[in-house]
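Chemist: Below is one structure. I have some questions about it.
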Amino acid sequence: MTGQTSEMMALRDPDIRLMLRVRDVDDQAAFAELVEKYQHRLVGILGHLVRGADGAEDLAQEAFLRVYRTRKKYTPKAKFSTWLFTIANNLALNSLRDRNRRPTAEWNAHDSGARPEEQLPSVREPQPSGALRKVELAKVVRQALDELNDRQRAAVLLNKFEDMGYAEIAEVMGLTVKGVKSLLNRARCRLREVLQPYIYMDGEAPPIHDDVEDD
Amino acid sequence: MPNSADREPDDVPPEDADLIAYLDGEADPDAARRLETELAKNPAARTKAEALRKTYDLLDYLPKPEPSPTFATKTLTKLDAMSGSRPRIQTTLSQPPSAARLGPWIAAGLLAVAFGFGVHWIARPYLNRPGEPDLADLPIIDRLPLYAGIDDLDYAKQLAAADLFGEDFEPPDAVAPEPAVSPEQRADRIALFRGYPAARRQQLRTLHQDITALPQPEQGRLVRVLERYAGWLARVPEKMRKEVLDAPSADARLAAVRQVRNRQWEEALPATQREKLQLTANADERIRLVKEWRDKERDRQLEWHLAARQWAVISEGKKPWPFSDETLAKDVDAYVKAVFKPDAPAAKQRLFPTEVNKLKTLQAATGQNAAWLPYGAYILLLSERYPTLPVPPFDPTVTDLDQLSARTTAELKSKNGVLKPKYRFVIGKWPDFALAVARDVKAPKPAAGNRSLGPCKPGDFAAPVNDFLTHDLFPRLTSNETRKLDQLAGRWPEYPRQLMELAKAKDLSVPGVTLPGRPSLWAKYYRYTPTKGSARPGEKD
């Protein structure tokens, strides 16, 4: 990466300018700006990924601290947000892996550790008639997301909530574009399977097709 | 198996994979064209595409996890421990031993905030004036970080607006211990306070006096608003902080705060919404969009908050209190009908049409268990907005001019002239009409029957209320309360009002007059503290 290119990147992305100040002069005010700016997005994604706002906050904090700790090694290759989410995604997937490995503390969504809004009903009962309230809809969606494996879920969240394209997700997750495509394909098909009964419960009328067929 | 490894062979049919790539805008131009043709002629493919799109849209229903208000402060505090060096954020404040314990407003940079406040104030600095500070100023000096960006009480109160630093769902008993101040911190603050022009010092004294004169819990609530504001101000980027602090007046400052908050809120939106906002050129349309999204977000937060309080029953598919109790549920139903009269003709309607509509919509939705929650919250809100008084047991309620005695009518006329127009908004409504008359005339009398506009002494009331008084309320009153109540006997509306207040104090429901069930349970499950002052002066720049 030449100095020329990094300057051009920095011109385009104000966050890179901030990060370069953090790197070059240990500017903590610039770092505070980055924290202030990204905390909502980061905790938002991590909360969905690890299912729990408390755990998400710890991970987000660790991600920011890691950004600071490794500031001297920072080179502006891509958008700042890509770098931040790469760090956060690695932390989250590692923590989920540890959680799954630990035999004594087997984690699942119904454990008492989860806060009320993260607990889910034990039986999923599709109620295709009547207006499903938003709260219940959210429960169903949460559960559908839990049906995905961790990496599928991460790809979906980055795609949906950070609006990342396949290439950017590939960079964040350390995969090929093809790998991301296949992750997302399986995730989206799975989501459609689980959520199919609910898709017209948000008040929008179903389209009128002459011939409705499902496989 | 849902949790299969990613390495397994692709089990998604190739045509689905193409469709998904197309929907994600990732298909190459050739494939995209091919798919468009296919979608145009094949309804089954359209249905599938629609289902894929809609399932993705459903993800928007997930409540967004939010960082706690102290998140940024806690994170920045950890930097210190890590780097072992003093932070380069300009601050003269020594780092507190534990930011979490000391509360959010001791955050790094706060004194810088105090320094920067109101450049116009610092025009003639009185720095380093000799002499000890007046002891009376010490409480203000200790709270200086809290007051740093505040002009006066009115400004502080406006910060409590819902979209600023007000908290909708604050538990009623939240306590905020005041952080301890070390001698060094105090010395710094004394120097700062002395550096202010006399007028600013006086302004701070008035502010402190006004705030400490507020009754509890209002005072505590306001202090927590100020804590959130101070913490926020210390953390926002320098440039934005300057915009706020350099504002020439309180109004301009408030407008700047609102602007910065809006910008931050927009930055925190999901990418698609952010983009939509960026692409919306029309300023009014942008404002409308932001308002719509914010309202939606608040609604969802409220519903989640309510659901969390009765989660155990809701998640088991049961109805929440009080609807879980059959008798109580019936009483609530009767109460809603009798007091809010959703089916009465508009002229006799106490509620606004929008309120009637909302009530009916929420009521109609109560088939689903979780839907009882917004309904419960709304009828609690309405019951507080439209309190009523016990009705007479036999005679009709007094709700129109022709039900008044000739003498009362004459008295009203001599005071007001033509009566119809003056009372047109309350005619037909109990107790609004009677209360309006009672405000204008000393001892109003109805044309027939009762000697007052409503029951106002023991035994006067309908049987359920009489029973309630003798069996439930009166035995619980202290001799003092009984004496005070007895003095009001025969006076309407003073007597029934006092009754209602006492019942509330004893956590009792007055049959047919207040919401059935214990008031404390209603508050526990359904009340959220609505933030006042959401008027938006100077929102537009």
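The chains in the structure tokens are called A, B, ... from first to last as shown; in each chain the residues are counted from 1, and the ligands are counted from 1 in the order shown.
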Excluding range 35-40 of chain B and residues on its chain fewer than 6 positions from it, collect all residues at most 12 Å away from it, counting only C-alpha atoms, and give them as a list in words.

Modeler: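 Residues near the query, excluding close chain neighbours: Glu15, Asp16, Ala17, Asp18, Leu19, Ile20, Ala21, Tyr22, Leu23, Gly25, Ala27, Asp28, Pro29, Arg46, Thr47, Lys48, Ala49 and Glu50 of chain B.
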
Chemist: Tell me, which residues of range 329-524 of chain B carry DSSP helix (DSSP H, G or I), written as a PyMOL selection string?

Modeler: chain B and resi 329-340+346-348+353-367+369-385+401-403+406-416+419-423+432-440+463-476+479-488+494-505+519-524

Chemist: Grab the residues selected above and save them as an mmCIF file, in the first residue's frame with C-alpha atoms.

Modeler:
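selection_25.cif written:
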data_model
loop_
_atom_site.group_PDB
_atom_site.id
_atom_site.type_symbol
_atom_site.label_atom_id
_atom_site.label_comp_id
_atom_site.auth_asym_id
_atom_site.auth_seq_id
_atom_site.Cartn_x
_atom_site.Cartn_y
_atom_site.Cartn_z
ATOM 1 C CA ALA B 329 -61.383 -8.515 33.098
ATOM 2 C CA LYS B 330 -65.163 -8.121 33.013
ATOM 3 C CA ASP B 331 -64.946 -5.139 35.356
ATOM 4 C CA VAL B 332 -62.296 -3.545 33.159
ATOM 5 C CA ASP B 333 -64.542 -4.039 30.164
ATOM 6 C CA ALA B 334 -67.478 -2.425 31.941
ATOM 7 C CA TYR B 335 -65.265 0.403 33.135
ATOM 8 C CA VAL B 336 -64.017 1.146 29.617
ATOM 9 C CA LYS B 337 -67.591 1.199 28.310
ATOM 10 C CA ALA B 338 -68.953 3.368 31.121
ATOM 11 C CA VAL B 339 -66.129 5.858 31.477
ATOM 12 C CA PHE B 340 -64.681 6.211 27.975
ATOM 13 C CA ALA B 346 -69.545 12.175 19.116
ATOM 14 C CA ALA B 347 -71.330 14.968 20.994
ATOM 15 C CA LYS B 348 -71.285 12.973 24.243
ATOM 16 C CA PRO B 353 -61.898 10.881 17.821
ATOM 17 C CA THR B 354 -58.271 9.817 17.373
ATOM 18 C CA GLU B 355 -58.255 8.476 20.914
ATOM 19 C CA VAL B 356 -61.500 6.570 20.360
ATOM 20 C CA ASN B 357 -60.032 5.051 17.218
ATOM 21 C CA LYS B 358 -56.830 4.032 18.909
ATOM 22 C CA LEU B 359 -58.778 2.550 21.822
ATOM 23 C CA LYS B 360 -60.969 0.549 19.486
ATOM 24 C CA THR B 361 -58.066 -0.647 17.356
ATOM 25 C CA LEU B 362 -56.106 -1.801 20.386
ATOM 26 C CA GLN B 363 -59.181 -3.429 21.877
ATOM 27 C CA ALA B 364 -59.929 -5.263 18.643
ATOM 28 C CA ALA B 365 -56.379 -6.606 18.506
ATOM 29 C CA THR B 366 -56.517 -8.194 21.978
ATOM 30 C CA GLY B 367 -57.117 -11.695 20.612
ATOM 31 C CA ASN B 369 -51.906 -12.427 24.205
ATOM 32 C CA ALA B 370 -49.138 -9.892 23.813
ATOM 33 C CA ALA B 371 -51.674 -7.451 22.377
ATOM 34 C CA TRP B 372 -53.247 -7.057 25.819
ATOM 35 C CA LEU B 373 -50.188 -5.076 26.832
ATOM 36 C CA PRO B 374 -50.510 -2.001 24.609
ATOM 37 C CA TYR B 375 -54.245 -2.067 25.297
ATOM 38 C CA GLY B 376 -53.661 -2.119 29.052
ATOM 39 C CA ALA B 377 -51.121 0.682 28.803
ATOM 40 C CA TYR B 378 -53.500 2.774 26.746
ATOM 41 C CA ILE B 379 -56.497 2.436 29.048
ATOM 42 C CA LEU B 380 -54.290 3.328 32.001
ATOM 43 C CA LEU B 381 -53.179 6.427 30.128
ATOM 44 C CA LEU B 382 -56.761 7.349 29.239
ATOM 45 C CA SER B 383 -57.957 6.796 32.802
ATOM 46 C CA GLU B 384 -55.348 9.299 33.961
ATOM 47 C CA ARG B 385 -56.147 11.725 31.179
ATOM 48 C CA LEU B 401 -77.961 23.394 31.105
ATOM 49 C CA ASP B 402 -81.645 22.415 31.385
ATOM 50 C CA GLN B 403 -80.767 20.109 34.289
ATOM 51 C CA ALA B 406 -83.473 28.152 37.815
ATOM 52 C CA ARG B 407 -81.398 29.954 40.401
ATOM 53 C CA THR B 408 -78.130 28.382 39.300
ATOM 54 C CA THR B 409 -78.945 29.150 35.662
ATOM 55 C CA ALA B 410 -79.694 32.763 36.520
ATOM 56 C CA GLU B 411 -76.453 33.036 38.425
ATOM 57 C CA LEU B 412 -74.494 31.589 35.535
ATOM 58 C CA LYS B 413 -76.206 33.968 33.098
ATOM 59 C CA SER B 414 -75.423 37.032 35.154
ATOM 60 C CA LYS B 415 -71.794 35.942 35.068
ATOM 61 C CA ASN B 416 -71.406 34.725 31.528
ATOM 62 C CA LEU B 419 -74.438 30.091 28.171
ATOM 63 C CA LYS B 420 -74.604 27.616 25.300
ATOM 64 C CA PRO B 421 -71.431 28.751 23.518
ATOM 65 C CA LYS B 422 -69.437 28.883 26.724
ATOM 66 C CA TYR B 423 -70.239 25.336 27.746
ATOM 67 C CA ASP B 432 -66.852 17.738 32.746
ATOM 68 C CA PHE B 433 -70.037 19.795 32.507
ATOM 69 C CA ALA B 434 -70.804 19.657 36.215
ATOM 70 C CA LEU B 435 -67.206 20.540 37.070
ATOM 71 C CA ALA B 436 -67.293 23.557 34.735
ATOM 72 C CA VAL B 437 -70.486 24.789 36.391
ATOM 73 C CA ALA B 438 -69.058 24.214 39.851
ATOM 74 C CA ARG B 439 -66.071 26.354 38.916
ATOM 75 C CA ASP B 440 -68.312 29.262 37.947
ATOM 76 C CA ALA B 463 -74.537 0.733 46.279
ATOM 77 C CA PRO B 464 -71.134 -0.616 45.125
ATOM 78 C CA VAL B 465 -69.449 2.653 46.054
ATOM 79 C CA ASN B 466 -71.286 2.846 49.398
ATOM 80 C CA ASP B 467 -70.195 -0.703 50.194
ATOM 81 C CA PHE B 468 -66.671 0.078 49.187
ATOM 82 C CA LEU B 469 -66.613 3.106 51.473
ATOM 83 C CA THR B 470 -67.946 1.336 54.559
ATOM 84 C CA HIS B 471 -66.058 -1.927 54.156
ATOM 85 C CA ASP B 472 -62.843 -1.029 52.397
ATOM 86 C CA LEU B 473 -61.943 2.610 52.583
ATOM 87 C CA PHE B 474 -63.237 4.011 55.878
ATOM 88 C CA PRO B 475 -61.723 1.277 58.090
ATOM 89 C CA ARG B 476 -58.311 2.038 56.590
ATOM 90 C CA SER B 479 -58.374 9.587 62.442
ATOM 91 C CA ASN B 480 -56.754 12.591 60.805
ATOM 92 C CA GLU B 481 -57.833 11.521 57.344
ATOM 93 C CA THR B 482 -61.368 10.783 58.569
ATOM 94 C CA ARG B 483 -61.632 14.213 60.132
ATOM 95 C CA LYS B 484 -60.422 15.959 57.009
ATOM 96 C CA LEU B 485 -62.837 13.985 54.863
ATOM 97 C CA ASP B 486 -65.801 14.640 57.178
ATOM 98 C CA GLN B 487 -65.206 18.364 56.927
ATOM 99 C CA LEU B 488 -65.776 18.149 53.192
ATOM 100 C CA GLU B 494 -64.413 18.406 46.908
ATOM 101 C CA TYR B 495 -65.764 15.431 48.838
ATOM 102 C CA PRO B 496 -65.693 12.800 46.062
ATOM 103 C CA ARG B 497 -62.295 14.095 44.920
ATOM 104 C CA GLN B 498 -60.885 13.648 48.393
ATOM 105 C CA LEU B 499 -62.365 10.134 48.435
ATOM 106 C CA MET B 500 -60.627 9.272 45.214
ATOM 107 C CA GLU B 501 -57.327 10.586 46.475
ATOM 108 C CA LEU B 502 -57.564 8.609 49.685
ATOM 109 C CA ALA B 503 -58.481 5.444 47.791
ATOM 110 C CA LYS B 504 -55.432 5.908 45.598
ATOM 111 C CA ALA B 505 -53.214 6.448 48.605
ATOM 112 C CA PRO B 519 -53.619 1.014 41.219
ATOM 113 C CA SER B 520 -50.094 -0.056 42.154
ATOM 114 C CA LEU B 521 -50.339 -3.094 39.890
ATOM 115 C CA TRP B 522 -51.573 -0.984 37.008
ATOM 116 C CA ALA B 523 -48.621 1.294 37.516
ATOM 117 C CA LYS B 524 -46.196 -1.595 37.838
#

Chemist: Can you pull out the residues contacting Leu204 in chain B? Cut-off 10 Å, using only C-alpha atoms, and skip same-chain residues under 6 positions away; I want them as a list in words.

Modeler: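 The residues satisfying every condition are Asp137, Ile140, Ile141, Leu144, Tyr147, Ala148, Ile150, Asp151, Asp152, Leu153, Phe193, Ala198 and Asp210 of chain B.
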
Chemist: Any chance you can output those residues with C-alpha atoms as a PDB file, in the first residue's frame?

Modeler:
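Wrote it out as selection-v7.pdb, contents follow:
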ATOM      1  CA  ASP B 137     -21.303  28.181  46.294  1.00  0.00           C
ATOM      2  CA  ILE B 140     -22.826  24.375  42.890  1.00  0.00           C
ATOM      3  CA  ILE B 141     -19.092  23.924  42.430  1.00  0.00           C
ATOM      4  CA  LEU B 144     -20.233  22.026  38.022  1.00  0.00           C
ATOM      5  CA  TYR B 147     -24.389  22.156  35.107  1.00  0.00           C
ATOM      6  CA  ALA B 148     -21.660  22.967  32.628  1.00  0.00           C
ATOM      7  CA  ILE B 150     -26.927  24.371  31.031  1.00  0.00           C
ATOM      8  CA  ASP B 151     -28.369  27.858  30.932  1.00  0.00           C
ATOM      9  CA  ASP B 152     -31.325  27.731  33.278  1.00  0.00           C
ATOM     10  CA  LEU B 153     -34.088  25.525  34.647  1.00  0.00           C
ATOM     11  CA  PHE B 193     -16.090  28.728  38.770  1.00  0.00           C
ATOM     12  CA  ALA B 198     -20.264  37.354  37.610  1.00  0.00           C
ATOM     13  CA  ASP B 210     -34.333  26.179  41.034  1.00  0.00           C
TER      14      ASP B 210
END

Chemist: So that I can check the surroundings of Glu168 in chain A, please list as a VMD selection string every protein, DNA and RNA residue that reaches within 9 Å of it, counting only C-alpha atoms and ignoring chain neighbours fewer than 4 positions away.

Modeler: chain A and resid 82 164 172 to 173 177

Chemist: Would you output that residue set with N, CA and C atoms, as a tab-separated table (two decimals), in the first residue's frame?

Modeler:
chain	number	residue	atom	x	y	z
A	82	THR	N	-15.16	-1.69	7.58
A	82	THR	CA	-14.85	-3.08	7.22
A	82	THR	C	-13.86	-3.67	8.22
A	164	MET	N	-23.84	-4.70	3.52
A	164	MET	CA	-22.56	-5.04	2.90
A	164	MET	C	-22.80	-5.94	1.70
A	172	VAL	N	-14.64	-9.28	5.53
A	172	VAL	CA	-14.87	-9.29	6.98
A	172	VAL	C	-14.74	-10.71	7.53
A	173	MET	N	-15.28	-11.69	6.78
A	173	MET	CA	-15.33	-13.04	7.32
A	173	MET	C	-14.16	-13.91	6.87
A	177	VAL	N	-15.63	-14.82	-2.17
A	177	VAL	CA	-16.95	-14.31	-2.52
A	177	VAL	C	-17.91	-15.48	-2.77

Chemist: Near Leu148 in chain A, within 12 Å and counting only C-alpha atoms, which residues show up once chain neighbours fewer than 4 positions away are dropped, as JSON, numbers by chain?

Modeler: {"A": [48, 49, 141, 142, 143, 144, 152, 153, 154, 155, 156, 157, 183, 184, 185, 186, 187, 188, 189, 190, 191, 192, 193, 194], "B": [1, 2, 3, 4, 5, 6]}

Chemist: Export, as a short mmCIF file (atom, residue, chain, number, x, y, z; two decimals), in the first residue's frame, the selected residues with C-alpha atoms.

Modeler:
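Written output follows (again14.cif):
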data_model
loop_
_atom_site.label_atom_id
_atom_site.label_comp_id
_atom_site.auth_asym_id
_atom_site.auth_seq_id
_atom_site.Cartn_x
_atom_site.Cartn_y
_atom_site.Cartn_z
CA HIS A 48 -28.25 -10.21 17.15
CA LEU A 49 -25.22 -12.38 16.59
CA VAL A 141 -37.97 -13.97 13.61
CA ARG A 142 -35.50 -14.27 16.45
CA GLN A 143 -36.13 -17.98 16.52
CA ALA A 144 -35.72 -18.29 12.76
CA GLN A 152 -24.69 -17.93 8.23
CA ARG A 153 -26.18 -15.63 10.81
CA ALA A 154 -23.16 -13.32 10.69
CA ALA A 155 -23.34 -13.11 6.90
CA VAL A 156 -27.07 -12.37 6.98
CA LEU A 157 -26.70 -9.65 9.62
CA LEU A 183 -23.52 -19.14 3.02
CA LEU A 184 -26.12 -16.53 2.20
CA ASN A 185 -27.99 -18.81 -0.18
CA ARG A 186 -28.44 -21.46 2.44
CA ALA A 187 -29.31 -18.92 5.07
CA ARG A 188 -31.92 -17.20 2.96
CA CYS A 189 -33.55 -20.45 1.88
CA ARG A 190 -33.65 -21.61 5.48
CA LEU A 191 -35.18 -18.32 6.60
CA ARG A 192 -37.79 -18.59 3.91
CA GLU A 193 -38.67 -22.12 5.01
CA VAL A 194 -39.14 -21.12 8.62
CA MET B 1 -30.10 -30.22 10.43
CA PRO B 2 -29.99 -26.50 10.79
CA ASN B 3 -26.55 -26.34 12.33
CA SER B 4 -24.65 -28.19 9.67
CA ALA B 5 -21.13 -27.09 8.84
CA ASP B 6 -20.54 -24.72 5.97
#

Chemist: What gap, in Å, lies between CA of Lys457 in chain B and CA of Ala489 in chain B?

Modeler: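 Interatomic distance, CA of Lys457 in chain B to CA of Ala489 in chain B: 4.9 Å.
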
Chemist: When you count only C-alpha atoms, which of these residues is closest to chain A: B:Arg258, B:Lys74, B:Lys319, B:Arg205?

Modeler: B:Lys74

Chemist: Given the choices B:Leu289, B:Ala32, B:Leu351, B:Ala160, which gets closest to Arg221 in chain B if the distance is worked out from only C-alpha atoms?

Modeler: B:Ala160

Chemist: Quick one, how far is CA of Asp146 in chain A from CA of Val50 in chain A?

Modeler: 9.8 Å

Chemist: I'd like the neighbourhood of Asn262 in chain B as a PDB file with N, CA and C atoms, in the first residue's frame, where a residue qualifies if any of its atoms comes within 9 Å (using only C-alpha atoms), though same-chain residues fewer than 4 positions away should be ignored.

Modeler:
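The file below, around.pdb, is the result:
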ATOM      1  N   ASP B 163     -37.079  12.874  22.684  1.00  0.00           N
ATOM      2  CA  ASP B 163     -36.049  12.610  21.673  1.00  0.00           C
ATOM      3  C   ASP B 163     -34.700  13.187  22.084  1.00  0.00           C
ATOM      4  N   VAL B 257     -28.259  21.149  19.989  1.00  0.00           N
ATOM      5  CA  VAL B 257     -28.280  19.818  20.615  1.00  0.00           C
ATOM      6  C   VAL B 257     -29.151  18.887  19.789  1.00  0.00           C
ATOM      7  N   ARG B 258     -30.311  19.406  19.431  1.00  0.00           N
ATOM      8  CA  ARG B 258     -31.259  18.576  18.691  1.00  0.00           C
ATOM      9  C   ARG B 258     -30.673  18.161  17.336  1.00  0.00           C
ATOM     10  N   GLU B 266     -29.397   9.402  13.000  1.00  0.00           N
ATOM     11  CA  GLU B 266     -29.411   8.976  11.606  1.00  0.00           C
ATOM     12  C   GLU B 266     -28.212   8.085  11.288  1.00  0.00           C
ATOM     13  N   GLU B 267     -27.057   8.415  11.889  1.00  0.00           N
ATOM     14  CA  GLU B 267     -25.873   7.605  11.632  1.00  0.00           C
ATOM     15  C   GLU B 267     -26.029   6.198  12.179  1.00  0.00           C
ATOM     16  N   VAL B 290     -37.897  10.599   9.168  1.00  0.00           N
ATOM     17  CA  VAL B 290     -37.228  10.436  10.457  1.00  0.00           C
ATOM     18  C   VAL B 290     -38.260  10.334  11.573  1.00  0.00           C
TER      19      VAL B 290
END

Chemist: Considering only C-alpha atoms, state which residue in the set B:Pro139, B:Pro197, B:Pro444, B:Gly317 is at the smallest distance from chain A.

Modeler: B:Gly317

Chemist: Which residues, written as a list in words, have at least one atom at most 10 Å from Gly454 in chain B, with only C-alpha atoms counted and residues fewer than 3 positions away on the same chain left out?

Modeler: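 Skipping anything fewer than 3 positions along the chain leaves Leu389, Pro390, Val391, Pro392, Pro393, Asp395, Pro396, Thr397, Val398, Pro431, Ala434, Leu435, Lys445, Pro446, Asn450, Arg451, Lys457, Asp460, Phe461, Gly490, Arg491, Trp492, Pro493, Tyr495 and Pro496 of chain B.
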